[in-house]
Each structure stands twice: as C-alpha cells, then as structure tokens.
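I have placed the structure first, in the form of structure tokens, so that the comments after it can refer back to it.
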Amino acid sequence: MTAYAIAHIRPETMNEDILRYIEEIQATMEPFGGRFLVHGAEVEVLEGPFPGTVVMIGFPDVERARAWYASPAYQEIIPLRTDHIAGTVVLVEGVPADYDAAQTAARLRAAAGL
C-alpha cells in the first residue's frame, strides 16, 4: 500500500542550511522509492487556519517510508530543517484503488451502535 510522508511546515527566513536540506533530501529518498508529490506549491486554504505550506512525499509502502526517515543519510540532514523551520511531519498509509468511504461509514456506524 502506498504511504506518504506529509509535512506541514511554517518556514520563516531562508538560509544556507535550509537550501542545503532542499538540495540533499531527494538523494536520501531515492534508495527507498520516494518521490515528491507536493513541494513548494502555494496552498489554497478552503477551511480553517493553515499557516505555512505542505510537502508530500510518496513511497511504495510504509516500511520504506519508515526506513527512509530512519536512514543515516536522512537523519544527518534533519537538523538543517528542524533548526530553522517549525512544523509537523507524519507518515500515513494510503487507501486501495477500490476504497469506498460508504463501507467505512457503515463499519463505523455498526461499531458505534448507530
């Protein structure tokens, strides 16, 4: 199942460390099949407050996403980002191509006794 690393970041001032991080991150993802799906795009906020921007990286599965994040190559460059950019990073598995939200609602309804 495809997995995603999603970052909600709130960059402040550009500096050499951040630029180095951006320059080096892709090489850390490639051995794990990771690729940028969203990077540097403007965010169109439709509901609620949302300061900052989003970065989304796709991986073939959650095991490879975890392995990338824990890899020595990525761990080496993390401080270049975290020392200068506030944010939250999560890993999440996607849904299969035949996913049906109504079936999920039915399971939740049954579990809640509704």
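Within each chain, counting starts at residue 1; across the structure tokens, chains are named A, B, ... in the order shown, with ligands numbered 1 upward in that order.
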**OP:** Write down as a PyMOL selection string the residues of region 9-99 of chain A whose backbone DSSP state falls under helix (DSSP H, G or I).
**Re:** chain A and resi 16-32+62-70+72-82
**OP:** DSSP on the backbone, then: every residue of region 16-104 of chain A marked strand (DSSP E), written as a ChimeraX atom specification.
**Re:** /A:35-38,53-59,85-93
Writer output for current selection, all heavy atoms, as a compact mmCIF listing (two decimals), in the first residue's frame:
# COMPACT_ATOMS: atom_id res chain seq x y z
N ARG A 35 9.35 9.82 -3.77
CA ARG A 35 9.33 10.92 -4.74
C ARG A 35 8.39 12.01 -4.26
O ARG A 35 7.39 11.74 -3.59
CB ARG A 35 8.93 10.44 -6.13
CG ARG A 35 7.50 10.00 -6.27
CD ARG A 35 7.20 9.54 -7.70
NE ARG A 35 5.78 9.34 -7.88
CZ ARG A 35 4.91 10.26 -8.25
NH1 ARG A 35 5.30 11.49 -8.48
NH2 ARG A 35 3.64 9.98 -8.38
N PHE A 36 8.77 13.24 -4.59
CA PHE A 36 7.93 14.37 -4.21
C PHE A 36 6.61 14.33 -4.98
O PHE A 36 6.60 14.15 -6.19
CB PHE A 36 8.63 15.70 -4.50
CG PHE A 36 9.66 16.07 -3.49
CD1 PHE A 36 11.01 15.96 -3.79
CD2 PHE A 36 9.29 16.50 -2.23
CE1 PHE A 36 11.97 16.29 -2.85
CE2 PHE A 36 10.24 16.84 -1.29
CZ PHE A 36 11.59 16.73 -1.60
N LEU A 37 5.52 14.52 -4.25
CA LEU A 37 4.19 14.67 -4.85
C LEU A 37 3.74 16.12 -4.75
O LEU A 37 3.03 16.61 -5.61
CB LEU A 37 3.19 13.75 -4.16
CG LEU A 37 3.54 12.26 -4.20
CD1 LEU A 37 2.55 11.46 -3.37
CD2 LEU A 37 3.61 11.74 -5.62
N VAL A 38 4.15 16.78 -3.67
CA VAL A 38 3.87 18.21 -3.46
C VAL A 38 5.13 18.80 -2.85
O VAL A 38 5.65 18.28 -1.86
CB VAL A 38 2.67 18.44 -2.51
CG1 VAL A 38 2.45 19.92 -2.26
CG2 VAL A 38 1.41 17.77 -3.03
N THR A 53 2.95 25.84 4.62
CA THR A 53 2.80 25.13 3.36
C THR A 53 2.88 23.63 3.63
O THR A 53 3.07 23.20 4.76
CB THR A 53 3.86 25.58 2.33
OG1 THR A 53 3.53 25.04 1.06
CG2 THR A 53 5.26 25.17 2.74
N VAL A 54 2.75 22.83 2.58
CA VAL A 54 2.73 21.38 2.69
C VAL A 54 3.79 20.78 1.78
O VAL A 54 4.00 21.25 0.66
CB VAL A 54 1.35 20.81 2.26
CG1 VAL A 54 1.36 19.30 2.23
CG2 VAL A 54 0.26 21.32 3.18
N VAL A 55 4.44 19.74 2.27
CA VAL A 55 5.31 18.91 1.45
C VAL A 55 4.77 17.49 1.57
O VAL A 55 4.45 17.03 2.67
CB VAL A 55 6.78 18.95 1.94
CG1 VAL A 55 7.64 17.97 1.16
CG2 VAL A 55 7.33 20.36 1.85
N MET A 56 4.64 16.80 0.43
CA MET A 56 4.15 15.43 0.44
C MET A 56 5.07 14.57 -0.40
O MET A 56 5.36 14.90 -1.55
CB MET A 56 2.73 15.37 -0.10
CG MET A 56 2.13 13.98 -0.10
SD MET A 56 0.50 14.00 -0.86
CE MET A 56 -0.51 13.84 0.57
N ILE A 57 5.53 13.47 0.20
CA ILE A 57 6.43 12.54 -0.47
C ILE A 57 5.74 11.18 -0.49
O ILE A 57 5.25 10.71 0.55
CB ILE A 57 7.78 12.42 0.28
CG1 ILE A 57 8.44 13.80 0.41
CG2 ILE A 57 8.70 11.45 -0.43
CD1 ILE A 57 9.61 13.83 1.36
N GLY A 58 5.69 10.54 -1.65
CA GLY A 58 5.11 9.22 -1.78
C GLY A 58 6.17 8.13 -1.74
O GLY A 58 7.26 8.31 -2.30
N PHE A 59 5.84 7.01 -1.09
CA PHE A 59 6.72 5.84 -1.02
C PHE A 59 5.90 4.61 -1.42
O PHE A 59 4.68 4.58 -1.22
CB PHE A 59 7.26 5.64 0.40
CG PHE A 59 8.24 6.69 0.81
CD1 PHE A 59 7.81 7.86 1.44
CD2 PHE A 59 9.60 6.53 0.57
CE1 PHE A 59 8.72 8.84 1.81
CE2 PHE A 59 10.51 7.50 0.94
CZ PHE A 59 10.07 8.66 1.56
N ILE A 85 12.99 25.56 10.74
CA ILE A 85 11.61 25.56 10.25
C ILE A 85 10.73 24.82 11.25
O ILE A 85 10.97 23.65 11.54
CB ILE A 85 11.50 24.87 8.87
CG1 ILE A 85 12.32 25.61 7.82
CG2 ILE A 85 10.04 24.77 8.43
CD1 ILE A 85 12.34 24.92 6.47
N ALA A 86 9.70 25.48 11.74
CA ALA A 86 8.72 24.83 12.61
C ALA A 86 7.79 24.00 11.73
O ALA A 86 7.50 24.36 10.59
CB ALA A 86 7.92 25.88 13.37
N GLY A 87 7.33 22.89 12.28
CA GLY A 87 6.41 22.08 11.50
C GLY A 87 6.11 20.75 12.14
O GLY A 87 6.63 20.41 13.19
N THR A 88 5.25 20.01 11.46
CA THR A 88 4.83 18.69 11.87
C THR A 88 5.02 17.74 10.70
O THR A 88 4.67 18.10 9.57
CB THR A 88 3.34 18.70 12.28
OG1 THR A 88 3.16 19.68 13.30
CG2 THR A 88 2.88 17.36 12.78
N VAL A 89 5.55 16.55 10.97
CA VAL A 89 5.75 15.56 9.92
C VAL A 89 5.06 14.27 10.35
O VAL A 89 5.23 13.83 11.48
CB VAL A 89 7.25 15.30 9.66
CG1 VAL A 89 7.44 14.21 8.61
CG2 VAL A 89 7.95 16.59 9.24
N VAL A 90 4.28 13.68 9.45
CA VAL A 90 3.59 12.42 9.74
C VAL A 90 3.80 11.44 8.60
O VAL A 90 4.04 11.85 7.46
CB VAL A 90 2.07 12.63 9.96
CG1 VAL A 90 1.82 13.56 11.15
CG2 VAL A 90 1.39 13.17 8.72
N LEU A 91 3.71 10.15 8.91
CA LEU A 91 3.65 9.10 7.90
C LEU A 91 2.26 8.51 7.94
O LEU A 91 1.71 8.28 9.03
CB LEU A 91 4.66 7.99 8.20
CG LEU A 91 6.14 8.32 8.11
CD1 LEU A 91 6.98 7.08 8.45
CD2 LEU A 91 6.50 8.82 6.73
N VAL A 92 1.69 8.25 6.78
CA VAL A 92 0.35 7.69 6.72
C VAL A 92 0.23 6.78 5.51
O VAL A 92 0.80 7.06 4.45
CB VAL A 92 -0.72 8.83 6.69
CG1 VAL A 92 -0.57 9.70 5.46
CG2 VAL A 92 -2.12 8.27 6.79
N GLU A 93 -0.47 5.66 5.69
CA GLU A 93 -0.73 4.76 4.57
C GLU A 93 -1.91 5.27 3.76
O GLU A 93 -2.87 5.81 4.31
CB GLU A 93 -1.05 3.35 5.07
CG GLU A 93 0.17 2.55 5.44
CD GLU A 93 -0.16 1.10 5.70
OE1 GLU A 93 -0.86 0.84 6.70
OE2 GLU A 93 0.29 0.26 4.92
Subject >> Surrounding residues of Pro79 (chain A) excluding itself and chain neighbours under 4 positions, 12 Å, only C-alpha atoms, as a PyMOL selection string >> reply: chain A and resi 17-18+20-21+73-75+83-86
Expected file: the selected residues, C-alpha atoms, as a PDB file, in the first residue's frame:
ATOM      1  CA  ASP A  17      21.034  25.288   5.986  1.00  0.00           C
ATOM      2  CA  ILE A  18      17.515  25.170   4.539  1.00  0.00           C
ATOM      3  CA  ARG A  20      21.323  22.607   1.685  1.00  0.00           C
ATOM      4  CA  TYR A  21      18.476  20.465   3.089  1.00  0.00           C
ATOM      5  CA  ALA A  73      21.505   9.835   5.226  1.00  0.00           C
ATOM      6  CA  TYR A  74      18.196  11.477   6.158  1.00  0.00           C
ATOM      7  CA  GLN A  75      18.955  11.674   9.871  1.00  0.00           C
ATOM      8  CA  ASP A  83      16.762  24.014  13.483  1.00  0.00           C
ATOM      9  CA  HIS A  84      15.140  26.616  11.218  1.00  0.00           C
ATOM     10  CA  ILE A  85      11.611  25.557  10.248  1.00  0.00           C
ATOM     11  CA  ALA A  86       8.721  24.832  12.606  1.00  0.00           C
TER      12      ALA A  86
END
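Relative to CA of Thr2 (chain A), CA of Tyr99 (chain A) is found at 13.1 Å.
Relative to CA of His39 (chain A), CA of Leu19 (chain A) is found at 13.6 Å.
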Original post:
Looking at A:Pro72, A:Gly113, A:Gly52, A:Pro60, which one is nearest to Ile9 (chain A), with distances taken over only C-alpha atoms?
Top reply: A:Gly52
**OP:** Please indicate the distance in Å from CA of Phe50 (chain A) to CA of Asp100 (chain A), rounded to one decimal place.
**Re:**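 Taking CA of Phe50 (chain A) as the start and CA of Asp100 (chain A) as the end point, the length is 28.1 Å.
Nearest residue to Arg10 (chain A), choosing from A:Pro51, A:Glu23, A:Asp98, A:Glu42 and counting only C-alpha atoms: A:Pro51.
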Subject >> Who sits within 12 Å of Gly34 (chain A), only C-alpha atoms, same chain under 6 positions skipped, as a ChimeraX atom specification >> reply: /A:2-5,25-28,56-69
